[in-house]
Each structure stands twice: as structure tokens, then as C-alpha cells.
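Structure data (TSV, C-alpha atoms and all ligand atoms) from final-v4.tsv:
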chain	number	residue	atom	x	y	z
A	1	MET	CA	-151.35	58.75	-4.54
A	2	ASN	CA	-150.30	61.79	-2.58
A	3	ARG	CA	-148.45	60.62	0.52
A	4	GLU	CA	-150.32	62.81	2.96
A	5	ASN	CA	-153.55	61.42	1.58
A	6	THR	CA	-152.47	57.82	2.08
A	7	PRO	CA	-154.27	56.40	5.08
A	8	PRO	CA	-152.07	54.55	7.57
A	9	ASP	CA	-152.57	50.85	8.14
A	10	VAL	CA	-156.15	50.19	9.08
A	11	GLU	CA	-157.19	46.99	10.77
A	12	CYS	CA	-160.36	45.64	9.22
A	13	PRO	CA	-162.91	45.28	12.05
A	14	VAL	CA	-164.60	42.41	10.20
A	15	CYS	CA	-161.63	40.09	9.47
A	16	GLY	CA	-158.64	41.68	11.24
A	17	ALA	CA	-156.50	42.00	8.09
A	18	THR	CA	-154.59	45.22	7.41
A	19	GLY	CA	-154.27	45.34	3.59
A	20	TYR	CA	-156.67	47.47	1.59
A	21	ARG	CA	-157.10	49.16	-1.74
A	22	GLU	CA	-158.58	52.57	-2.40
A	23	LEU	CA	-161.72	52.46	-4.54
A	24	PHE	CA	-162.35	56.18	-4.99
A	25	ARG	CA	-162.59	59.37	-2.98
A	26	CYS	CA	-165.89	60.56	-1.56
A	27	THR	CA	-166.78	64.14	-0.75
A	28	ASP	CA	-168.54	65.37	2.37
A	29	HIS	CA	-171.33	66.97	0.33
A	30	PHE	CA	-173.41	67.45	3.41
A	31	LEU	CA	-171.22	69.88	5.30
A	32	THR	CA	-167.50	70.53	4.74
A	33	GLY	CA	-166.69	69.61	1.13
A	34	GLU	CA	-163.63	67.66	2.36
A	35	THR	CA	-162.79	64.40	0.64
A	36	PHE	CA	-162.01	61.00	2.14
A	37	PRO	CA	-160.86	57.80	0.46
A	38	LEU	CA	-163.15	54.77	0.41
A	39	LEU	CA	-161.04	51.72	1.26
A	40	SER	CA	-161.82	48.09	0.54
A	41	CYS	CA	-160.25	45.38	2.73
A	42	SER	CA	-158.06	43.23	0.45
A	43	THR	CA	-159.06	40.11	2.37
A	44	CYS	CA	-162.83	40.35	2.92
A	45	GLY	CA	-163.89	43.37	0.83
A	46	PHE	CA	-165.29	45.31	3.79
A	47	LEU	CA	-165.57	49.02	2.93
A	48	MET	CA	-164.12	51.63	5.27
A	49	THR	CA	-163.72	55.41	5.26
A	50	GLY	CA	-159.97	56.14	5.21
A	51	SER	CA	-158.28	58.73	7.46
A	52	PRO	CA	-161.45	59.54	9.42
A	53	PRO	CA	-161.33	62.31	12.03
A	54	PRO	CA	-160.71	60.90	15.52
A	55	GLU	CA	-163.56	60.52	17.97
A	56	GLU	CA	-162.48	63.65	19.87
A	57	THR	CA	-162.86	65.99	16.89
A	58	ILE	CA	-165.48	64.35	14.64
A	59	GLY	CA	-168.18	66.39	16.42
A	60	LYS	CA	-167.56	69.33	14.08
A	61	TYR	CA	-168.76	67.21	11.14
A	62	TYR	CA	-172.15	66.99	12.82
A	63	GLN	CA	-172.46	70.73	13.42
A	64	SER	CA	-175.50	71.33	11.33
A	65	GLU	CA	-179.10	71.92	12.29
A	66	ASP	CA	-180.17	69.46	9.62
A	67	TYR	CA	-178.29	66.60	11.14
A	68	ILE	CA	-180.09	66.62	14.41
A	69	SER	CA	-182.97	67.13	12.59
A	70	HIS	CA	-185.03	67.95	12.36
A	71	SER	CA	-187.01	70.63	13.81
A	72	GLN	CA	-189.52	69.40	16.32
A	73	THR	CA	-192.47	71.39	15.06
A	74	PRO	CA	-193.49	71.04	11.42
A	75	ARG	CA	-192.94	74.04	9.17
A	76	GLY	CA	-193.59	73.81	5.47
A	77	VAL	CA	-194.35	70.86	3.23
A	78	VAL	CA	-190.99	69.08	3.50
A	79	ASP	CA	-191.11	69.23	7.28
A	80	ARG	CA	-194.65	67.91	7.32
A	81	ILE	CA	-193.69	65.01	5.09
A	82	TYR	CA	-190.65	64.36	7.27
A	83	HIS	CA	-192.77	64.27	10.43
A	84	LEU	CA	-195.34	62.01	8.81
A	85	VAL	CA	-192.67	59.60	7.56
A	86	ARG	CA	-191.04	59.61	11.00
A	87	ARG	CA	-194.30	58.68	12.67
A	88	VAL	CA	-195.05	55.93	10.16
A	89	MET	CA	-191.50	54.60	10.45
A	90	ALA	CA	-191.53	54.61	14.27
A	91	GLY	CA	-194.74	52.58	14.23
A	92	ARG	CA	-193.27	50.16	11.72
A	93	LYS	CA	-190.08	49.82	13.75
A	94	ALA	CA	-192.06	49.21	16.94
A	95	ALA	CA	-194.05	46.42	15.29
A	96	LEU	CA	-190.90	44.91	13.82
A	97	VAL	CA	-189.13	44.94	17.20
A	98	ALA	CA	-192.03	43.21	18.94
A	99	ARG	CA	-192.35	40.60	16.19
A	100	SER	CA	-188.60	39.91	16.05
A	101	ALA	CA	-188.24	39.64	19.82
A	102	GLY	CA	-191.40	37.58	20.18
A	103	ILE	CA	-192.60	39.77	23.07
A	104	THR	CA	-194.97	42.74	23.18
A	105	GLU	CA	-193.34	44.43	26.19
A	106	GLY	CA	-189.87	44.27	27.69
A	107	ALA	CA	-186.67	46.18	28.38
A	108	LEU	CA	-185.29	48.00	25.38
A	109	LEU	CA	-182.04	49.90	24.81
A	110	ASP	CA	-181.73	52.24	21.83
A	111	ILE	CA	-178.14	53.26	21.08
A	112	GLY	CA	-177.87	56.62	19.32
A	113	ALA	CA	-181.42	57.53	20.26
A	114	GLY	CA	-181.36	61.02	18.70
A	115	THR	CA	-184.21	63.10	20.05
A	116	GLY	CA	-185.96	60.06	21.54
A	117	PHE	CA	-188.89	59.78	19.13
A	118	PHE	CA	-188.60	56.00	18.69
A	119	LEU	CA	-188.12	55.42	22.43
A	120	ASP	CA	-191.19	57.51	23.15
A	121	THR	CA	-193.17	55.36	20.70
A	122	MET	CA	-191.96	52.20	22.45
A	123	ARG	CA	-192.68	53.52	25.91
A	124	ARG	CA	-196.24	54.32	24.89
A	125	ARG	CA	-196.54	50.68	23.88
A	126	GLY	CA	-195.53	49.51	27.34
A	127	TRP	CA	-191.79	48.99	26.97
A	128	GLN	CA	-189.23	50.03	29.60
A	129	VAL	CA	-186.88	52.22	27.62
A	130	THR	CA	-183.25	53.29	27.97
A	131	GLY	CA	-181.27	55.27	25.41
A	132	THR	CA	-177.82	56.67	24.77
A	133	GLU	CA	-177.04	59.67	22.59
A	134	PRO	CA	-173.72	61.50	22.12
A	135	GLY	CA	-175.28	64.81	21.02
A	136	GLU	CA	-176.01	67.09	23.92
A	137	SER	CA	-178.62	69.16	22.12
A	138	ALA	CA	-180.45	66.01	20.98
A	139	ARG	CA	-180.48	64.76	24.59
A	140	GLN	CA	-181.95	68.10	25.61
A	141	VAL	CA	-184.74	67.80	23.03
A	142	ALA	CA	-185.51	64.25	24.19
A	143	LEU	CA	-185.94	65.54	27.72
A	144	GLU	CA	-188.02	68.56	26.78
A	145	GLN	CA	-190.23	66.92	24.17
A	146	HIS	CA	-190.67	63.43	25.59
A	147	GLY	CA	-189.49	63.60	29.19
A	148	ILE	CA	-186.89	60.94	28.41
A	149	THR	CA	-183.44	61.26	30.00
A	150	LEU	CA	-180.89	59.81	27.59
A	151	LEU	CA	-177.42	58.75	28.72
A	152	PRO	CA	-174.36	60.20	27.02
A	153	ALA	CA	-172.57	57.67	24.76
A	154	GLU	CA	-170.12	56.52	27.45
A	155	GLY	CA	-173.00	55.83	29.85
A	156	LEU	CA	-173.55	52.59	27.96
A	157	PHE	CA	-170.49	51.01	29.50
A	158	SER	CA	-171.72	51.34	33.08
A	159	ILE	CA	-175.14	49.75	32.57
A	160	PRO	CA	-175.38	46.47	34.53
A	161	GLN	CA	-175.11	43.29	32.46
A	162	ARG	CA	-178.08	41.38	31.04
A	163	ALA	CA	-180.36	44.38	31.40
A	164	PHE	CA	-182.22	44.19	28.07
A	165	ASP	CA	-184.44	41.99	25.95
A	166	VAL	CA	-183.80	44.09	22.87
A	167	ILE	CA	-181.07	46.46	21.69
A	168	THR	CA	-181.68	48.66	18.65
A	169	LEU	CA	-179.33	50.78	16.51
A	170	TRP	CA	-181.10	52.74	13.78
A	171	HIS	CA	-178.42	53.92	11.37
A	172	VAL	CA	-175.85	54.15	14.17
A	173	LEU	CA	-173.33	51.28	13.93
A	174	GLU	CA	-171.72	52.89	10.87
A	175	HIS	CA	-170.92	55.98	13.00
A	176	LEU	CA	-169.06	54.22	15.84
A	177	HIS	CA	-165.28	54.47	15.98
A	178	ASP	CA	-164.79	51.13	17.71
A	179	PRO	CA	-167.59	48.82	16.57
A	180	GLY	CA	-165.92	45.76	18.16
A	181	ARG	CA	-166.22	47.36	21.59
A	182	TYR	CA	-169.94	47.82	20.98
A	183	TRP	CA	-170.44	44.22	19.83
A	184	GLN	CA	-168.92	43.13	23.15
A	185	GLU	CA	-171.42	45.38	24.91
A	186	PHE	CA	-174.33	43.87	22.95
A	187	ARG	CA	-173.26	40.48	24.33
A	188	ARG	CA	-172.86	41.78	27.86
A	189	LEU	CA	-176.09	43.75	27.97
A	190	LEU	CA	-178.53	41.35	26.31
A	191	ARG	CA	-180.32	38.64	28.20
A	192	PRO	CA	-179.95	35.09	26.84
A	193	GLY	CA	-182.10	34.76	23.75
A	194	GLY	CA	-182.05	38.55	23.39
A	195	THR	CA	-182.57	40.35	20.11
A	196	LEU	CA	-180.38	42.88	18.37
A	197	VAL	CA	-181.91	45.06	15.64
A	198	ILE	CA	-179.52	47.02	13.42
A	199	ALA	CA	-180.48	49.30	10.52
A	200	LEU	CA	-177.76	50.18	8.02
A	201	PRO	CA	-177.35	51.69	4.58
A	202	ASN	CA	-176.40	48.99	2.10
A	203	PRO	CA	-173.26	49.61	0.00
A	204	ALA	CA	-174.17	46.50	-2.03
A	205	SER	CA	-177.43	48.19	-3.07
A	206	HIS	CA	-178.63	49.03	-6.55
A	207	ASP	CA	-178.45	52.78	-5.80
A	208	ALA	CA	-174.88	52.57	-4.38
A	209	ALA	CA	-173.73	50.92	-7.62
A	210	HIS	CA	-175.59	53.49	-9.73
A	211	TYR	CA	-174.37	56.64	-7.97
A	212	GLY	CA	-170.79	55.52	-7.23
A	213	ALA	CA	-168.84	58.22	-5.35
A	214	PHE	CA	-172.00	60.41	-5.30
A	215	TRP	CA	-174.05	57.89	-3.36
A	216	ALA	CA	-175.42	59.98	-0.51
A	217	ALA	CA	-175.21	57.19	2.06
A	218	TRP	CA	-171.41	57.07	2.00
A	219	ASP	CA	-171.91	60.20	4.12
A	220	VAL	CA	-168.18	60.56	4.84
A	221	PRO	CA	-166.68	61.09	7.33
A	222	ARG	CA	-169.70	60.55	9.58
A	223	HIS	CA	-170.08	57.00	8.25
A	224	LEU	CA	-166.84	55.26	9.13
A	225	TRP	CA	-167.89	51.76	7.99
A	226	HIS	CA	-170.05	50.51	5.16
A	227	PHE	CA	-171.55	47.11	5.99
A	228	SER	CA	-172.88	44.89	3.24
A	229	PRO	CA	-175.25	42.12	4.37
A	230	ALA	CA	-172.38	39.60	4.08
A	231	ASN	CA	-169.94	41.72	6.12
A	232	LEU	CA	-172.49	42.31	8.84
A	233	GLY	CA	-173.27	38.59	9.12
A	234	LYS	CA	-169.57	37.80	9.38
A	235	MET	CA	-168.91	40.37	12.09
A	236	ALA	CA	-171.98	39.22	14.04
A	237	GLU	CA	-170.73	35.62	14.05
A	238	GLN	CA	-167.45	36.65	15.65
A	239	TYR	CA	-169.37	37.95	18.64
A	240	GLY	CA	-171.77	35.04	19.00
A	241	PHE	CA	-174.73	36.48	17.09
A	242	ARG	CA	-176.68	34.87	14.30
A	243	LEU	CA	-178.34	36.90	11.57
A	244	THR	CA	-181.89	35.56	11.48
A	245	GLN	CA	-183.84	38.00	9.30
A	246	SER	CA	-183.55	41.16	7.29
A	247	TYR	CA	-186.12	43.72	6.14
A	248	ARG	CA	-186.17	46.42	3.50
A	249	MET	CA	-186.38	50.14	4.32
A	250	PRO	CA	-188.29	51.30	1.23
A	251	PHE	CA	-188.25	55.08	1.95
A	252	ASP	CA	-184.46	55.10	1.86
A	253	SER	CA	-184.32	54.16	-1.83
A	254	PHE	CA	-186.12	57.40	-2.66
A	255	TYR	CA	-184.52	59.64	-0.07
A	256	VAL	CA	-180.95	58.53	-0.86
A	257	SER	CA	-181.54	58.76	-4.61
A	258	ILE	CA	-182.90	62.32	-4.41
A	259	LEU	CA	-179.98	63.39	-2.21
A	260	SER	CA	-177.47	61.69	-4.52
A	261	GLU	CA	-178.93	63.54	-7.52
A	262	LYS	CA	-178.50	66.81	-5.60
A	263	TYR	CA	-174.88	65.92	-4.82
A	264	LYS	CA	-174.33	65.24	-8.54
A	265	LYS	CA	-175.81	68.67	-9.22
A	266	ALA	CA	-178.21	67.04	-11.66
A	267	SER	CA	-180.99	69.13	-13.13
A	268	LEU	CA	-184.41	68.31	-11.64
A	269	PRO	CA	-182.90	66.29	-8.78
A	270	LEU	CA	-186.27	65.62	-7.18
A	271	LEU	CA	-187.76	64.08	-10.31
A	272	ARG	CA	-184.65	62.15	-11.23
A	273	GLY	CA	-184.22	60.95	-7.67
A	274	LEU	CA	-187.83	59.80	-7.46
A	275	TRP	CA	-187.51	57.97	-10.75
A	276	PHE	CA	-184.29	56.21	-9.89
A	277	GLY	CA	-185.49	55.62	-6.32
A	278	PHE	CA	-188.52	53.90	-7.79
A	279	ARG	CA	-186.35	51.67	-9.99
A	280	SER	CA	-184.06	50.85	-7.05
A	281	TRP	CA	-187.05	50.09	-4.83
A	282	ALA	CA	-188.69	47.92	-7.51
A	283	ASP	CA	-185.42	46.07	-8.09
A	284	ALA	CA	-185.15	45.34	-4.37
A	285	LEU	CA	-188.64	43.78	-4.29
A	286	ALA	CA	-187.19	40.71	-5.95
A	287	ARG	CA	-183.68	41.03	-4.53
A	288	LYS	CA	-183.83	42.17	-0.93
A	289	GLN	CA	-180.05	42.21	-0.58
A	290	LYS	CA	-179.98	45.08	-3.12
A	291	CYS	CA	-182.19	47.40	-1.09
A	292	SER	CA	-180.82	50.86	-0.26
A	293	SER	CA	-181.04	50.24	3.50
A	294	LEU	CA	-181.78	47.10	5.46
A	295	ILE	CA	-182.88	46.29	8.98
A	296	TYR	CA	-181.11	43.22	10.35
A	297	VAL	CA	-182.39	41.05	13.17
A	298	LEU	CA	-179.73	39.14	15.10
A	299	LYS	CA	-180.09	36.68	17.93
A	300	PHE	CA	-177.68	36.18	20.78
A	301	GLU	CA	-177.36	32.57	21.86
B	1	ZN	ZN	-161.52	42.45	6.10

What would the structure in this file look like if it were written as C-alpha cells?
Ligand SMILES: [Zn+2]
Amino acid sequence: MNRENTPPDVECPVCGATGYRELFRCTDHFLTGETFPLLSCSTCGFLMTGSPPPEETIGKYYQSEDYISHSQTPRGVVDRIYHLVRRVMAGRKAALVARSAGITEGALLDIGAGTGFFLDTMRRRGWQVTGTEPGESARQVALEQHGITLLPAEGLFSIPQRAFDVITLWHVLEHLHDPGRYWQEFRRLLRPGGTLVIALPNPASHDAAHYGAFWAAWDVPRHLWHFSPANLGKMAEQYGFRLTQSYRMPFDSFYVSILSEKYKKASLPLLRGLWFGFRSWADALARKQKCSSLIYVLKFE
């Protein structure tokens, strides 16, 4: 291994050990073409992106119109499908949050709220909503489109304790440089009996195994951590949370497979991706833990 490509000691956020082995290198197919090693903790197997850009400079890896996504007015077929899926998903998420928390209204915090679409859905259903979002342009869209003022990321740490019944992170935890600091905040900010809902891509999925280094949801270096269901449960326990339920995210099997086929430069990526996405989705019907992405429900006691 080239010395300059050897990541320094990394402390595993799940078990605290420092030994790791490199599995393979992943490419930032989405934006820069740079490569990053995928590391596996020698003690617990947790997967980490090696040598990630520091928090101060990682912003440049998000400098794409696509990442914020997501134009706010539909143009063309793909955009229309995207907007339809987003609406269906927001409704499904809202129902899942209410069911998991056992309440139909309450105080909700969404971390990494993007352009505020989910929070707007919740507010319409009677929830008091608060959100944080590091991207300034996304915060601007949330204000203009939904009239929701999102806090910048650091605003989280000055919210008074025990302010929320529910905290949600939709594909966000894997982006945070210091996940342990956030787990402490989940504890501080949730009321007793509160509910934490975390959606994550699943590196133990059927499609991750099939696509290997081309699996689109490695998404290096934006994804710093790659939580399997077992790793997430273990980290949750350290901070006093219990994993009580998990749910499949069926669209992700298809979306991630199509994107992975594109990254492989396969011919007919849409068809191949749909076909493999279908197989991955069907496989996960019997084995939930193999689904491309999962939503985890955790309780704070
Ligand atoms: Zn570990």
C-alpha cells in the first residue's frame, strides 16, 4: 500500500478499537472521481471511509445541484417521478413516525432536514417541527418553499434539553464526522420514552454484496460510516438506546441498483438496475436485514 494512501489510526466509533483492514478502494463516482479506502474495524467489523476530508473542507464534495436536489418544480419525466416518490415517501415516513412514537402529534426534530419537505409534511399533520441543515442553499429553499426556518448544523447543540418526542435522521447519520457527539445529543434532547428514527443504507444488503466497490451507497467521501443493522444496534446500546423495530425502504433497492450499474458503465443501466433491484427487493422480502436501506426505530429509556 502506498504510504500516502495509508489512513492514520482511526478509532472505531462503534467499539473504540483502532485496528482495521482495508477491504477495497471506492471511487467518488458522483462528483470528483477521487478514491477512498473502505476500512473494516478488525475488532467489530464496522465499515468506515478511510482518510475522509475534514469537516471544514468536505463541503466541496457536496457542490452539485443534484445533491441538494432536486429542483423544486418538476421538469421532465425523471423529475416528475422523483417528486411523486418524494411525496409518497414523506407520507409513509409520517405514518411510520406516528406509529413508532405512539402519538399522532408532538414535538419533532429532523436532523439534516434538506429543503424541509418532510418537516412540512409533519407540520401539516399537526406536529411542532424543528430542523437543522448544514447547507445554506437548502435552508434558503426550506424558507422560501415551506416557510420553515431551519437551524444551521451547530444550532442543534444550543437547543434546550428534553425538547422532543421524536428525532429523525433520514440518511444523515452516515454523513456526520462525530457520530458519538450526536448520540449524546439524542439522549439530551429526547424526552423520557422518546423515539429516535434513523434511516441508513445497509452495507450488509444483497445489492452491496453484488456491486462490491461499485455499490452506489458507499457514496464516498460523503458517507463516512457504513452501519450494518448489527453495528447500529451496538452503537445505540452504548448510548442507552434500544433498537425496537426496523423497516425496509423498497425504493432504494431499485434506485441504488440503477445508479450502481451506471457507475459500472454497464450497457442498459436502467434495465439492468431495475432487474437487479427487483431481485434485491424480492430477496429482502424474506430477509429484511438484507434490504438496500433500512429505517430503524430506537427507544430511549
Ligand atoms: Zn469496531

Report as a list of chain:residue names which protein, DNA and RNA residues come within 7 Å of ligand ZN 1 (chain B), using only C-alpha atoms and all ligand atoms.
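Every residue with an atom at most 7 Å from ligand ZN 1 (chain B) is listed here: A:Cys12, A:Pro13, A:Val14, A:Cys15, A:Gly16, A:Ala17, A:Cys41, A:Ser42, A:Thr43, A:Cys44, A:Gly45, A:Phe46.
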
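Restricting the calculation to all atoms listed in the file, the smallest distance between A:Val85 and any of A:Gly102, A:Gly131, A:Lys262, A:Met249 is found for A:Met249.
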
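Applying the 9 Å criterion to (-169.5, 59.3, 14.7) in file coordinates and using all atoms listed in the file, one obtains the residues Pro54, Glu55, Ile58, Gly59, Tyr61, Tyr62, Pro134, Val172, Leu173, Glu174, His175, Leu176, His177, Pro221, Arg222, His223 and Leu224 of chain A.
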
Just want the 10 Å neighbourhood of stretch 160-165 of chain A, counted on all atoms listed in the file, with same-chain residues fewer than 3 positions away dropped. Output as a PyMOL selection string.
chain A and resi 101+103+105-109+128-130+156-157+185-196

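For the pair atom CA of A:His83 and atom CA of A:Phe117, the interatomic distance is 10.5 Å.
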
One number please: atom CA of A:Gly240 to atom CA of A:Gln184, in Å, one decimal.
9.5 Å

Closest of A:Ile148, A:Pro52, A:Arg248, A:Tyr296 to A:Val97 - atom-to-atom distances counting all atoms listed in the file
A:Tyr296

Just how far from atom CA of A:Gly33 is atom CA of A:Phe278, in Å to one decimal?
28.3 Å

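Closest approach to A:Gly180 among A:Gly135, A:Trp218, A:Ala236, A:Arg287 is made by A:Ala236 (distances from all atoms listed in the file).
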
So that I can see what lies close to stretch 227-230 of chain A, please list as a VMD selection string the residues with an atom at most 8 Å from it, counting all atoms listed in the file and leaving out residues fewer than 3 positions away in the same chain.
chain A and resid 46 to 47 174 200 to 204 233 to 234 289

With 7 Å as the threshold, what does the neighbourhood of (-158.9, 61.6, 1.3) contain in terms of residues, counting only C-alpha atoms? Coordinates are those of the file; answer as a VMD selection string.
chain A and resid 5 25 35 to 37 50 to 51

Using only C-alpha atoms for the distances, tell me which of A:Pro8, A:Gly126, A:Gly76, A:Gly114 is nearest to A:Ala94.
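That would be A:Gly126, the residue with the smallest distance to A:Ala94.
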
Quick one: residues within 12 Å of A:Asp252, only C-alpha atoms, excluding same-chain residues fewer than 6 positions away - as a VMD selection string?
chain A and resid 85 89 171 199 to 202 205 to 208 215 to 217 258 to 260 273 to 274 276 to 278 280 to 281 284 291 to 295

Considering all atoms listed in the file, state which residue in the set A:Pro250, A:Val256, A:Glu22, A:Lys265 is at the smallest distance from A:Leu285.
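Smallest distance to A:Leu285 is found for A:Pro250.
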